[in-house]
Amino acid sequence: MNPLIPLFVVIPLAGAFLIMIIGRFIEEFNKYFTSLVLLFLTCISFYFLFTTGEKIFVYKVGGWEPINSVPIGIYMVMDGFTVIVVCIINLIGFLSAFYSISYIKRYTAGNYFYALFCLMIGGMNGVVLSGDLFNIFVFLEISVISSYALVAFGVESNELEASFKYQILGGLASFLILFGIGFIYWKTKTLNIADIKEAFSSGYNKTTYLFIQILLLSGFGLKAAIIPFHAWLPDAHSSAPSPISAMLSGIFIKAVGIYVIIRLFFNMFVISESMAILITTLGTVSMVIGVFLAIGQWDIKRLLAYHSISQMGYVVMSVGIGMILLSRGAKSEIASLAIAGGIFHLINHAAFKGLLFLNAGAIEYTTGTRNLKEMGGLAKSMPVTSATSFIASMSISGVPPFNGFFSKLIIIIAAIMAKFYLLALLAVIVSIITLASFLKFQRYAFYNKSDNNKNQNIREVPFPMVFSMVVLSIICVLLSLLVLPEIRHAILTPAIDILTDPVKYSTSILVQ
Amino acid sequence: MKGMTIIVKKTTQLIAGMIFMYGIYVIVHGHLTPGGGFAGGVVIAGSFILVTLSNGGDFMKLLKEESGTTIVESLATILVIVIAVSGFLFGTKIFFNNFLPKGIVGHLVSAGVLPLYNIFVGTEVAASIFIIFLSLIIFKEESKG
């Protein structure tokens, strides 16, 4: 057992409550402490990224060993796919926390902000690391409830309304998830994901199985904001403070939504072709509709929020193509390629969407508006923001040599090789529309001449904000290296192996 | 917030202590009988709420009470984590390890660290429910004046 694994949950939780005590007596403690904590977690997560490889680490909390090979304790599992998501959670979390050092001056009550921030990180790490369904639910509630409070952090009427809408739909999702977990527990008498897989493999009732799958898909689909479950996302992500928007859009919908869907449907359920086609359809629909909803927006953060739906559609569609091929039982190389494209795009999206929301926050910080029509000519006064947002825009629209190009290319190649020509064509068209809407963003925000004199004495944002944006834009460029065979083999291949081989996952957890 | 009549005040003074003792009883017997940290914590919070409702208190006093309770709540949570981590330090490098001697089943002092968890969870629950109550009163007082 690797003793470092529970630190991902313990340190943020302890940090949150320490901030609530010590932050009362020492000012500025909350800012630097949160950044230090998350920097430390980022270092550990990268240590795991380079050491995990093909191995699967299992940590039994409390030391409860299985009795008669029935797992009775809480299991934390670290494998090739988990470690990628843990890395992006802690890295984007650290950069957002560092960015907030200047940004939080707009608000009062910094202690509450940072305490909730740490709780959200702890909850997401818990969801990703947990090896049993009930703990996924518990940590999901920790992170989701703190995100409700963070969305409403500005306490103005539109923010409260967004948070209220988010709470109602989030509550509905939690209900569906808990109902599905209850069904599974009733049928299998266990909550451990690997053990559920074993229990289902000895025969099951088809109708109940399908019902459970639909319940969990709609529950986690609501958290992941796949169309038709997307109604809360544009309001919630655009009303939150910008570092929180970067967290929500960059990693939250992936960690508690997409990650859990992928994990459950590959490693817990036996993939059926009808379910795989359903998931692919949902992904394609959100990819296409999301971008059409985005292109007409004039509010920057709403535009970015709608693009999150569209880009998550790419991930779900690509993973769904992999599922269809696996359920047909043939061509596992093409299935691996499709899943690789999906996971690669998931990593890339965390980097560029986090960066774009931080850019939007910088623009809002200096000009005080989110409306594209009221901006203009910012390229001269804010050179760093302009340059970094240009990199992010080109990445998200899939222009070489930035990271988004390579992941979209892999997705399109996989779709063509699997003979889904329509999906490949749609992916290309959506990418072109994405480029159009980001050219609009660039032109109106940075290059257009502004009419009013208000924008004359605008300066570049303070150092912490600049630092986070520059680091993320460097990451955007560097991530395209993942397409090189050696690096891809070291990082992406273990994740794909664990997803395409569910027997290896369940046996290696139950044997340890 | 205004208090209530002298009859109510005297009655709650008699009852609140007993409710408080009962909450402590539920918490310390958590590992032996039904109930435990959460249930006992709710009972203790009930006694505090009763006293606050009957005696009242001015705005500043309520604010002071709220900040004190927040510190107690955070401390209790940190102590739970400290016990969990000390399982990691004294023993077999396992988080949440039960490292104390288990004792005899049925005795009050037994089951290793479980009674300690119950006590701190009870404190945490009592404090957080009391905070929710205080925040509601403070909100009402603020909107009044």
# chains A, B, ... in the order shown; residues from 1 in each chain; ligands from 1
>>> interface_residues(of="chain A", to="chain B", cutoff="12 Å", atoms="only C-alpha atoms", output="ChimeraX atom specification")
/A:1-7,9-25,59-65,73-76,112,115
>>> write_last_selection(atoms="C-alpha atoms", output="compact mmCIF listing (two decimals), in the first residue's frame")
# COMPACT_ATOMS: atom_id res chain seq x y z
CA MET A 1 0.00 0.00 0.00
CA ASN A 2 1.33 3.38 -0.99
CA PRO A 3 0.89 5.74 2.02
CA LEU A 4 0.82 8.85 -0.19
CA ILE A 5 -2.54 8.10 -1.82
CA PRO A 6 -4.91 9.33 0.96
CA LEU A 7 -2.97 12.61 1.18
CA VAL A 9 -8.05 13.87 0.25
CA VAL A 10 -6.63 14.55 3.73
CA ILE A 11 -4.53 17.61 2.95
CA PRO A 12 -7.24 19.72 1.22
CA LEU A 13 -9.82 18.84 3.90
CA ALA A 14 -7.45 19.70 6.75
CA GLY A 15 -6.38 22.83 4.87
CA ALA A 16 -9.98 24.02 4.54
CA PHE A 17 -10.62 23.86 8.28
CA LEU A 18 -7.20 25.28 9.20
CA ILE A 19 -7.99 28.29 7.01
CA MET A 20 -11.25 28.79 8.90
CA ILE A 21 -9.35 28.93 12.23
CA ILE A 22 -5.96 30.51 11.51
CA GLY A 23 -7.32 32.78 8.75
CA ARG A 24 -9.36 34.61 11.41
CA PHE A 25 -6.25 35.72 13.23
CA TYR A 59 -5.10 1.57 -0.59
CA LYS A 60 -7.41 0.01 2.01
CA VAL A 61 -8.50 2.77 4.40
CA GLY A 62 -8.32 1.62 8.05
CA GLY A 63 -6.43 -1.51 7.08
CA TRP A 64 -9.58 -3.61 6.59
CA GLU A 65 -8.43 -6.66 4.66
CA GLY A 73 -13.27 -1.80 3.55
CA ILE A 74 -13.07 1.48 1.66
CA TYR A 75 -10.73 1.10 -1.30
CA MET A 76 -8.77 3.91 -2.92
CA TYR A 112 -14.78 31.32 3.03
CA ALA A 115 -12.01 27.08 2.50
>>> residues_around(residues="Gly36 of chain B", least_positions_apart="2", cutoff="6 Å", atoms="only C-alpha atoms", output="list in words")
Val26, Ile27, Gly30, Phe38, Ala39 and Gly40 of chain B
>>> write_last_selection(atoms="C-alpha atoms", output="mmCIF file, in the first residue's frame")
data_model
loop_
_atom_site.group_PDB
_atom_site.id
_atom_site.type_symbol
_atom_site.label_atom_id
_atom_site.label_comp_id
_atom_site.auth_asym_id
_atom_site.auth_seq_id
_atom_site.Cartn_x
_atom_site.Cartn_y
_atom_site.Cartn_z
ATOM 1 C CA VAL B 26 -25.674 9.270 23.641
ATOM 2 C CA ILE B 27 -22.262 10.346 22.337
ATOM 3 C CA GLY B 30 -21.946 5.588 20.684
ATOM 4 C CA PHE B 38 -24.358 12.540 14.962
ATOM 5 C CA ALA B 39 -27.468 11.775 17.034
ATOM 6 C CA GLY B 40 -25.904 13.009 20.269
#
>>> select_by_dssp(residues="chain B", states="helix (DSSP H, G or I)", output="mmCIF file with N, CA and C atoms, in the first residue's frame")
data_model
loop_
_atom_site.group_PDB
_atom_site.id
_atom_site.type_symbol
_atom_site.label_atom_id
_atom_site.label_comp_id
_atom_site.auth_asym_id
_atom_site.auth_seq_id
_atom_site.Cartn_x
_atom_site.Cartn_y
_atom_site.Cartn_z
ATOM 1 N N ILE B 6 -40.557 35.002 32.148
ATOM 2 C CA ILE B 6 -39.747 34.382 33.207
ATOM 3 C C ILE B 6 -40.106 32.914 33.394
ATOM 4 N N ILE B 7 -41.383 32.579 33.126
ATOM 5 C CA ILE B 7 -41.797 31.176 33.282
ATOM 6 C C ILE B 7 -41.023 30.300 32.304
ATOM 7 N N VAL B 8 -40.965 30.745 31.021
ATOM 8 C CA VAL B 8 -40.258 29.980 30.010
ATOM 9 C C VAL B 8 -38.780 29.893 30.356
ATOM 10 N N LYS B 9 -38.213 31.028 30.817
ATOM 11 C CA LYS B 9 -36.791 31.043 31.128
ATOM 12 C C LYS B 9 -36.462 30.032 32.216
ATOM 13 N N LYS B 10 -37.249 30.018 33.284
ATOM 14 C CA LYS B 10 -36.972 29.109 34.409
ATOM 15 C C LYS B 10 -37.108 27.653 33.953
ATOM 16 N N THR B 11 -38.163 27.388 33.141
ATOM 17 C CA THR B 11 -38.379 26.003 32.702
ATOM 18 C C THR B 11 -37.224 25.529 31.835
ATOM 19 N N THR B 12 -36.770 26.393 30.893
ATOM 20 C CA THR B 12 -35.664 25.946 30.032
ATOM 21 C C THR B 12 -34.394 25.775 30.847
ATOM 22 N N GLN B 13 -34.194 26.615 31.887
ATOM 23 C CA GLN B 13 -33.010 26.421 32.731
ATOM 24 C C GLN B 13 -33.027 25.044 33.362
ATOM 25 N N LEU B 14 -34.225 24.579 33.759
ATOM 26 C CA LEU B 14 -34.317 23.248 34.352
ATOM 27 C C LEU B 14 -34.063 22.159 33.311
ATOM 28 N N ILE B 15 -34.653 22.349 32.108
ATOM 29 C CA ILE B 15 -34.639 21.254 31.127
ATOM 30 C C ILE B 15 -33.319 21.180 30.370
ATOM 31 N N ALA B 16 -32.759 22.363 30.016
ATOM 32 C CA ALA B 16 -31.631 22.387 29.082
ATOM 33 C C ALA B 16 -30.459 21.564 29.582
ATOM 34 N N GLY B 17 -30.182 21.631 30.881
ATOM 35 C CA GLY B 17 -29.072 20.860 31.437
ATOM 36 C C GLY B 17 -29.273 19.379 31.222
ATOM 37 N N MET B 18 -30.513 18.937 31.455
ATOM 38 C CA MET B 18 -30.794 17.502 31.303
ATOM 39 C C MET B 18 -30.644 17.064 29.851
ATOM 40 N N ILE B 19 -31.127 17.908 28.934
ATOM 41 C CA ILE B 19 -30.994 17.568 27.512
ATOM 42 C C ILE B 19 -29.525 17.466 27.139
ATOM 43 N N PHE B 20 -28.738 18.418 27.676
ATOM 44 C CA PHE B 20 -27.299 18.437 27.390
ATOM 45 C C PHE B 20 -26.637 17.145 27.879
ATOM 46 N N MET B 21 -26.987 16.752 29.138
ATOM 47 C CA MET B 21 -26.415 15.522 29.700
ATOM 48 C C MET B 21 -26.819 14.313 28.863
ATOM 49 N N TYR B 22 -28.064 14.314 28.394
ATOM 50 C CA TYR B 22 -28.528 13.174 27.597
ATOM 51 C C TYR B 22 -27.743 13.092 26.290
ATOM 52 N N GLY B 23 -27.472 14.257 25.692
ATOM 53 C CA GLY B 23 -26.671 14.271 24.462
ATOM 54 C C GLY B 23 -25.299 13.672 24.704
ATOM 55 N N ILE B 24 -24.665 14.060 25.847
ATOM 56 C CA ILE B 24 -23.347 13.516 26.160
ATOM 57 C C ILE B 24 -23.439 12.004 26.352
ATOM 58 N N TYR B 25 -24.512 11.574 27.001
ATOM 59 C CA TYR B 25 -24.697 10.134 27.213
ATOM 60 C C TYR B 25 -24.757 9.392 25.877
ATOM 61 N N VAL B 26 -25.543 9.928 24.950
ATOM 62 C CA VAL B 26 -25.674 9.270 23.641
ATOM 63 C C VAL B 26 -24.331 9.216 22.940
ATOM 64 N N ILE B 27 -23.545 10.318 23.051
ATOM 65 C CA ILE B 27 -22.262 10.346 22.337
ATOM 66 C C ILE B 27 -21.284 9.341 22.932
ATOM 67 N N VAL B 28 -21.120 9.330 24.282
ATOM 68 C CA VAL B 28 -20.076 8.466 24.842
ATOM 69 C C VAL B 28 -20.462 6.995 24.777
ATOM 70 N N GLY B 37 -22.168 9.809 17.494
ATOM 71 C CA GLY B 37 -21.751 11.190 17.351
ATOM 72 C C GLY B 37 -22.822 12.078 16.755
ATOM 73 N N PHE B 38 -23.419 11.654 15.649
ATOM 74 C CA PHE B 38 -24.358 12.540 14.962
ATOM 75 C C PHE B 38 -25.604 12.760 15.804
ATOM 76 N N ALA B 39 -26.214 11.647 16.288
ATOM 77 C CA ALA B 39 -27.468 11.775 17.034
ATOM 78 C C ALA B 39 -27.258 12.590 18.299
ATOM 79 N N GLY B 40 -26.170 12.277 19.047
ATOM 80 C CA GLY B 40 -25.904 13.009 20.269
ATOM 81 C C GLY B 40 -25.620 14.466 20.006
ATOM 82 N N GLY B 41 -24.901 14.743 18.924
ATOM 83 C CA GLY B 41 -24.594 16.128 18.579
ATOM 84 C C GLY B 41 -25.851 16.930 18.327
ATOM 85 N N VAL B 42 -26.824 16.320 17.652
ATOM 86 C CA VAL B 42 -28.074 17.030 17.378
ATOM 87 C C VAL B 42 -28.788 17.344 18.678
ATOM 88 N N VAL B 43 -28.759 16.389 19.654
ATOM 89 C CA VAL B 43 -29.425 16.629 20.944
ATOM 90 C C VAL B 43 -28.759 17.792 21.673
ATOM 91 N N ILE B 44 -27.409 17.803 21.666
ATOM 92 C CA ILE B 44 -26.697 18.894 22.351
ATOM 93 C C ILE B 44 -27.026 20.233 21.708
ATOM 94 N N ALA B 45 -27.041 20.262 20.364
ATOM 95 C CA ALA B 45 -27.385 21.509 19.681
ATOM 96 C C ALA B 45 -28.780 21.950 20.076
ATOM 97 N N GLY B 46 -29.689 20.983 20.275
ATOM 98 C CA GLY B 46 -31.058 21.321 20.700
ATOM 99 C C GLY B 46 -31.058 22.066 22.013
ATOM 100 N N SER B 47 -30.202 21.648 22.967
ATOM 101 C CA SER B 47 -30.209 22.338 24.261
ATOM 102 C C SER B 47 -29.700 23.767 24.111
ATOM 103 N N PHE B 48 -28.674 23.968 23.281
ATOM 104 C CA PHE B 48 -28.172 25.333 23.067
ATOM 105 C C PHE B 48 -29.243 26.210 22.424
ATOM 106 N N ILE B 49 -29.942 25.639 21.424
ATOM 107 C CA ILE B 49 -30.958 26.411 20.703
ATOM 108 C C ILE B 49 -32.075 26.822 21.657
ATOM 109 N N LEU B 50 -32.435 25.893 22.561
ATOM 110 C CA LEU B 50 -33.501 26.178 23.527
ATOM 111 C C LEU B 50 -33.133 27.367 24.404
ATOM 112 N N VAL B 51 -31.893 27.359 24.917
ATOM 113 C CA VAL B 51 -31.460 28.443 25.803
ATOM 114 C C VAL B 51 -31.435 29.765 25.043
ATOM 115 N N THR B 52 -30.910 29.751 23.784
ATOM 116 C CA THR B 52 -30.824 30.996 23.016
ATOM 117 C C THR B 52 -32.214 31.540 22.729
ATOM 118 N N LEU B 53 -33.150 30.649 22.374
ATOM 119 C CA LEU B 53 -34.503 31.102 22.039
ATOM 120 C C LEU B 53 -35.190 31.718 23.242
ATOM 121 N N SER B 54 -35.031 31.106 24.429
ATOM 122 C CA SER B 54 -35.792 31.608 25.570
ATOM 123 C C SER B 54 -35.153 32.858 26.143
ATOM 124 N N ASN B 55 -33.820 32.920 26.193
ATOM 125 C CA ASN B 55 -33.177 34.066 26.827
ATOM 126 C C ASN B 55 -32.957 35.232 25.880
ATOM 127 N N PHE B 59 -27.703 41.810 19.114
ATOM 128 C CA PHE B 59 -27.101 41.450 17.834
ATOM 129 C C PHE B 59 -25.613 41.136 17.980
ATOM 130 N N MET B 60 -24.895 42.016 18.715
ATOM 131 C CA MET B 60 -23.452 41.836 18.834
ATOM 132 C C MET B 60 -23.123 40.531 19.538
ATOM 133 N N LYS B 61 -23.921 40.204 20.545
ATOM 134 C CA LYS B 61 -23.660 38.981 21.305
ATOM 135 C C LYS B 61 -23.841 37.758 20.403
ATOM 136 N N LEU B 62 -24.877 37.812 19.543
ATOM 137 C CA LEU B 62 -25.113 36.687 18.630
ATOM 138 C C LEU B 62 -23.947 36.524 17.665
ATOM 139 N N LEU B 63 -23.450 37.649 17.154
ATOM 140 C CA LEU B 63 -22.321 37.587 16.210
ATOM 141 C C LEU B 63 -21.097 36.955 16.871
ATOM 142 N N LYS B 64 -20.847 37.368 18.140
ATOM 143 C CA LYS B 64 -19.706 36.854 18.882
ATOM 144 C C LYS B 64 -19.852 35.347 19.079
ATOM 145 N N GLU B 65 -21.077 34.940 19.444
ATOM 146 C CA GLU B 65 -21.320 33.522 19.656
ATOM 147 C C GLU B 65 -21.081 32.736 18.378
ATOM 148 N N GLU B 66 -21.493 33.338 17.243
ATOM 149 C CA GLU B 66 -21.343 32.621 15.982
ATOM 150 C C GLU B 66 -19.879 32.407 15.652
ATOM 151 N N SER B 67 -19.055 33.452 15.860
ATOM 152 C CA SER B 67 -17.648 33.274 15.476
ATOM 153 C C SER B 67 -16.983 32.273 16.397
ATOM 154 N N GLY B 68 -17.356 32.267 17.701
ATOM 155 C CA GLY B 68 -16.789 31.261 18.612
ATOM 156 C C GLY B 68 -17.164 29.861 18.186
ATOM 157 N N THR B 69 -18.451 29.681 17.804
ATOM 158 C CA THR B 69 -18.915 28.346 17.430
ATOM 159 C C THR B 69 -18.228 27.862 16.166
ATOM 160 N N THR B 70 -17.946 28.806 15.232
ATOM 161 C CA THR B 70 -17.252 28.403 14.006
ATOM 162 C C THR B 70 -15.888 27.832 14.327
ATOM 163 N N ILE B 71 -15.186 28.487 15.299
ATOM 164 C CA ILE B 71 -13.849 27.993 15.652
ATOM 165 C C ILE B 71 -13.952 26.603 16.257
ATOM 166 N N VAL B 72 -14.953 26.393 17.148
ATOM 167 C CA VAL B 72 -15.123 25.071 17.767
ATOM 168 C C VAL B 72 -15.375 24.020 16.699
ATOM 169 N N GLU B 73 -16.219 24.388 15.706
ATOM 170 C CA GLU B 73 -16.572 23.429 14.662
ATOM 171 C C GLU B 73 -15.338 23.025 13.859
ATOM 172 N N SER B 74 -14.552 24.045 13.443
ATOM 173 C CA SER B 74 -13.375 23.731 12.632
ATOM 174 C C SER B 74 -12.369 22.922 13.430
ATOM 175 N N LEU B 75 -12.213 23.276 14.730
ATOM 176 C CA LEU B 75 -11.268 22.536 15.579
ATOM 177 C C LEU B 75 -11.671 21.073 15.682
ATOM 178 N N ALA B 76 -12.986 20.822 15.856
ATOM 179 C CA ALA B 76 -13.432 19.439 15.996
ATOM 180 C C ALA B 76 -13.113 18.649 14.741
ATOM 181 N N THR B 77 -13.348 19.272 13.558
ATOM 182 C CA THR B 77 -13.049 18.564 12.307
ATOM 183 C C THR B 77 -11.568 18.274 12.196
ATOM 184 N N ILE B 78 -10.740 19.282 12.591
ATOM 185 C CA ILE B 78 -9.298 19.064 12.490
ATOM 186 C C ILE B 78 -8.869 17.952 13.427
ATOM 187 N N LEU B 79 -9.493 17.878 14.628
ATOM 188 C CA LEU B 79 -9.102 16.822 15.563
ATOM 189 C C LEU B 79 -9.449 15.444 15.014
ATOM 190 N N VAL B 80 -10.596 15.330 14.309
ATOM 191 C CA VAL B 80 -10.922 14.049 13.674
ATOM 192 C C VAL B 80 -9.813 13.662 12.710
ATOM 193 N N ILE B 81 -9.374 14.654 11.890
ATOM 194 C CA ILE B 81 -8.321 14.351 10.915
ATOM 195 C C ILE B 81 -7.023 14.011 11.635
ATOM 196 N N VAL B 82 -6.755 14.709 12.784
ATOM 197 C CA VAL B 82 -5.517 14.430 13.527
ATOM 198 C C VAL B 82 -5.519 12.989 14.033
ATOM 199 N N ILE B 83 -6.673 12.522 14.552
ATOM 200 C CA ILE B 83 -6.723 11.126 15.027
ATOM 201 C C ILE B 83 -6.502 10.174 13.859
ATOM 202 N N ALA B 84 -7.140 10.491 12.712
ATOM 203 C CA ALA B 84 -6.989 9.623 11.548
ATOM 204 C C ALA B 84 -5.534 9.554 11.120
ATOM 205 N N VAL B 85 -4.850 10.714 11.147
ATOM 206 C CA VAL B 85 -3.458 10.730 10.715
ATOM 207 C C VAL B 85 -2.567 10.084 11.760
ATOM 208 N N SER B 86 -2.939 10.203 13.076
ATOM 209 C CA SER B 86 -2.079 9.572 14.078
ATOM 210 C C SER B 86 -2.155 8.058 13.969
ATOM 211 N N GLY B 87 -3.269 7.524 13.447
ATOM 212 C CA GLY B 87 -3.298 6.101 13.116
ATOM 213 C C GLY B 87 -2.228 5.763 12.101
ATOM 214 N N PHE B 88 -1.958 6.737 11.252
ATOM 215 C CA PHE B 88 -0.941 6.586 10.210
ATOM 216 C C PHE B 88 0.458 6.607 10.820
ATOM 217 N N LEU B 89 0.636 7.471 11.857
ATOM 218 C CA LEU B 89 1.977 7.639 12.410
ATOM 219 C C LEU B 89 2.337 6.544 13.409
ATOM 220 N N LEU B 114 -12.579 4.537 18.475
ATOM 221 C CA LEU B 114 -13.957 4.866 18.065
ATOM 222 C C LEU B 114 -14.636 5.863 18.987
ATOM 223 N N PRO B 115 -14.532 5.736 20.359
ATOM 224 C CA PRO B 115 -15.179 6.753 21.197
ATOM 225 C C PRO B 115 -14.644 8.149 20.945
ATOM 226 N N LEU B 116 -13.330 8.249 20.649
ATOM 227 C CA LEU B 116 -12.764 9.581 20.380
ATOM 228 C C LEU B 116 -13.395 10.179 19.123
ATOM 229 N N TYR B 117 -13.511 9.351 18.058
ATOM 230 C CA TYR B 117 -14.169 9.845 16.844
ATOM 231 C C TYR B 117 -15.577 10.321 17.165
ATOM 232 N N ASN B 118 -16.304 9.515 17.984
ATOM 233 C CA ASN B 118 -17.677 9.887 18.314
ATOM 234 C C ASN B 118 -17.731 11.225 19.010
ATOM 235 N N ILE B 119 -16.787 11.452 19.958
ATOM 236 C CA ILE B 119 -16.820 12.712 20.714
ATOM 237 C C ILE B 119 -16.607 13.892 19.774
ATOM 238 N N PHE B 120 -15.601 13.774 18.872
ATOM 239 C CA PHE B 120 -15.326 14.925 18.012
ATOM 240 C C PHE B 120 -16.398 15.108 16.952
ATOM 241 N N VAL B 121 -16.946 13.990 16.434
ATOM 242 C CA VAL B 121 -18.046 14.134 15.471
ATOM 243 C C VAL B 121 -19.238 14.781 16.150
ATOM 244 N N GLY B 122 -19.490 14.389 17.433
ATOM 245 C CA GLY B 122 -20.595 14.999 18.174
ATOM 246 C C GLY B 122 -20.404 16.489 18.328
ATOM 247 N N THR B 123 -19.176 16.912 18.699
ATOM 248 C CA THR B 123 -18.895 18.344 18.858
ATOM 249 C C THR B 123 -19.125 19.071 17.547
ATOM 250 N N GLU B 124 -18.617 18.463 16.466
ATOM 251 C CA GLU B 124 -18.734 19.077 15.141
ATOM 252 C C GLU B 124 -20.199 19.245 14.751
ATOM 253 N N VAL B 125 -21.006 18.196 14.950
ATOM 254 C CA VAL B 125 -22.411 18.273 14.533
ATOM 255 C C VAL B 125 -23.157 19.296 15.383
ATOM 256 N N ALA B 126 -22.905 19.265 16.724
ATOM 257 C CA ALA B 126 -23.580 20.222 17.600
ATOM 258 C C ALA B 126 -23.252 21.635 17.171
ATOM 259 N N ALA B 127 -21.953 21.902 16.935
ATOM 260 C CA ALA B 127 -21.539 23.262 16.572
ATOM 261 C C ALA B 127 -22.135 23.665 15.241
ATOM 262 N N SER B 128 -22.137 22.747 14.252
ATOM 263 C CA SER B 128 -22.592 23.194 12.932
ATOM 264 C C SER B 128 -24.095 23.424 12.919
ATOM 265 N N ILE B 129 -24.861 22.603 13.657
ATOM 266 C CA ILE B 129 -26.311 22.854 13.673
ATOM 267 C C ILE B 129 -26.613 24.153 14.413
ATOM 268 N N PHE B 130 -25.845 24.418 15.480
ATOM 269 C CA PHE B 130 -26.041 25.676 16.208
ATOM 270 C C PHE B 130 -25.687 26.870 15.321
ATOM 271 N N ILE B 131 -24.650 26.706 14.462
ATOM 272 C CA ILE B 131 -24.276 27.800 13.553
ATOM 273 C C ILE B 131 -25.403 28.079 12.569
ATOM 274 N N ILE B 132 -26.017 27.020 12.048
ATOM 275 C CA ILE B 132 -27.111 27.229 11.090
ATOM 276 C C ILE B 132 -28.220 28.046 11.744
ATOM 277 N N PHE B 133 -28.553 27.655 13.004
ATOM 278 C CA PHE B 133 -29.604 28.369 13.743
ATOM 279 C C PHE B 133 -29.216 29.829 13.958
ATOM 280 N N LEU B 134 -27.965 30.052 14.415
ATOM 281 C CA LEU B 134 -27.520 31.428 14.685
ATOM 282 C C LEU B 134 -27.528 32.265 13.412
ATOM 283 N N SER B 135 -27.102 31.654 12.272
ATOM 284 C CA SER B 135 -27.068 32.433 11.028
ATOM 285 C C SER B 135 -28.460 32.872 10.642
ATOM 286 N N LEU B 136 -29.455 31.987 10.868
ATOM 287 C CA LEU B 136 -30.829 32.366 10.519
ATOM 288 C C LEU B 136 -31.292 33.538 11.379
ATOM 289 N N ILE B 137 -30.987 33.485 12.710
ATOM 290 C CA ILE B 137 -31.413 34.599 13.574
ATOM 291 C C ILE B 137 -30.700 35.881 13.171
ATOM 292 N N ILE B 138 -29.368 35.774 12.909
ATOM 293 C CA ILE B 138 -28.599 36.980 12.583
ATOM 294 C C ILE B 138 -29.135 37.606 11.297
ATOM 295 N N PHE B 139 -29.478 36.753 10.325
ATOM 296 C CA PHE B 139 -30.050 37.259 9.074
ATOM 297 C C PHE B 139 -31.340 38.020 9.340
ATOM 298 N N LYS B 140 -32.168 37.468 10.245
ATOM 299 C CA LYS B 140 -33.447 38.111 10.541
ATOM 300 C C LYS B 140 -33.217 39.461 11.229
ATOM 301 N N GLU B 141 -32.264 39.480 12.176
ATOM 302 C CA GLU B 141 -31.979 40.724 12.892
ATOM 303 C C GLU B 141 -31.444 41.787 11.939
ATOM 304 N N GLU B 142 -30.570 41.341 11.014
ATOM 305 C CA GLU B 142 -29.982 42.290 10.059
ATOM 306 C C GLU B 142 -31.061 42.908 9.181
ATOM 307 N N SER B 143 -31.981 42.054 8.689
ATOM 308 C CA SER B 143 -32.988 42.583 7.771
ATOM 309 C C SER B 143 -33.987 43.465 8.508
ATOM 310 N N LYS B 144 -34.059 43.303 9.862
ATOM 311 C CA LYS B 144 -34.977 44.152 10.632
ATOM 312 C C LYS B 144 -34.437 45.580 10.725
#
>>> residues_around(residues="Met124 of chain A", least_positions_apart="6", cutoff="12 Å", atoms="only C-alpha atoms", output="ChimeraX atom specification")
/A:8-9,12-13,82,85-90,93,117-118,130,135-147,247-248,251-257,259-260
>>> atom_distance(atom1="atom CA of Tyr204 of chain A", atom2="atom CA of Ile226 of chain A")
28.5 Å
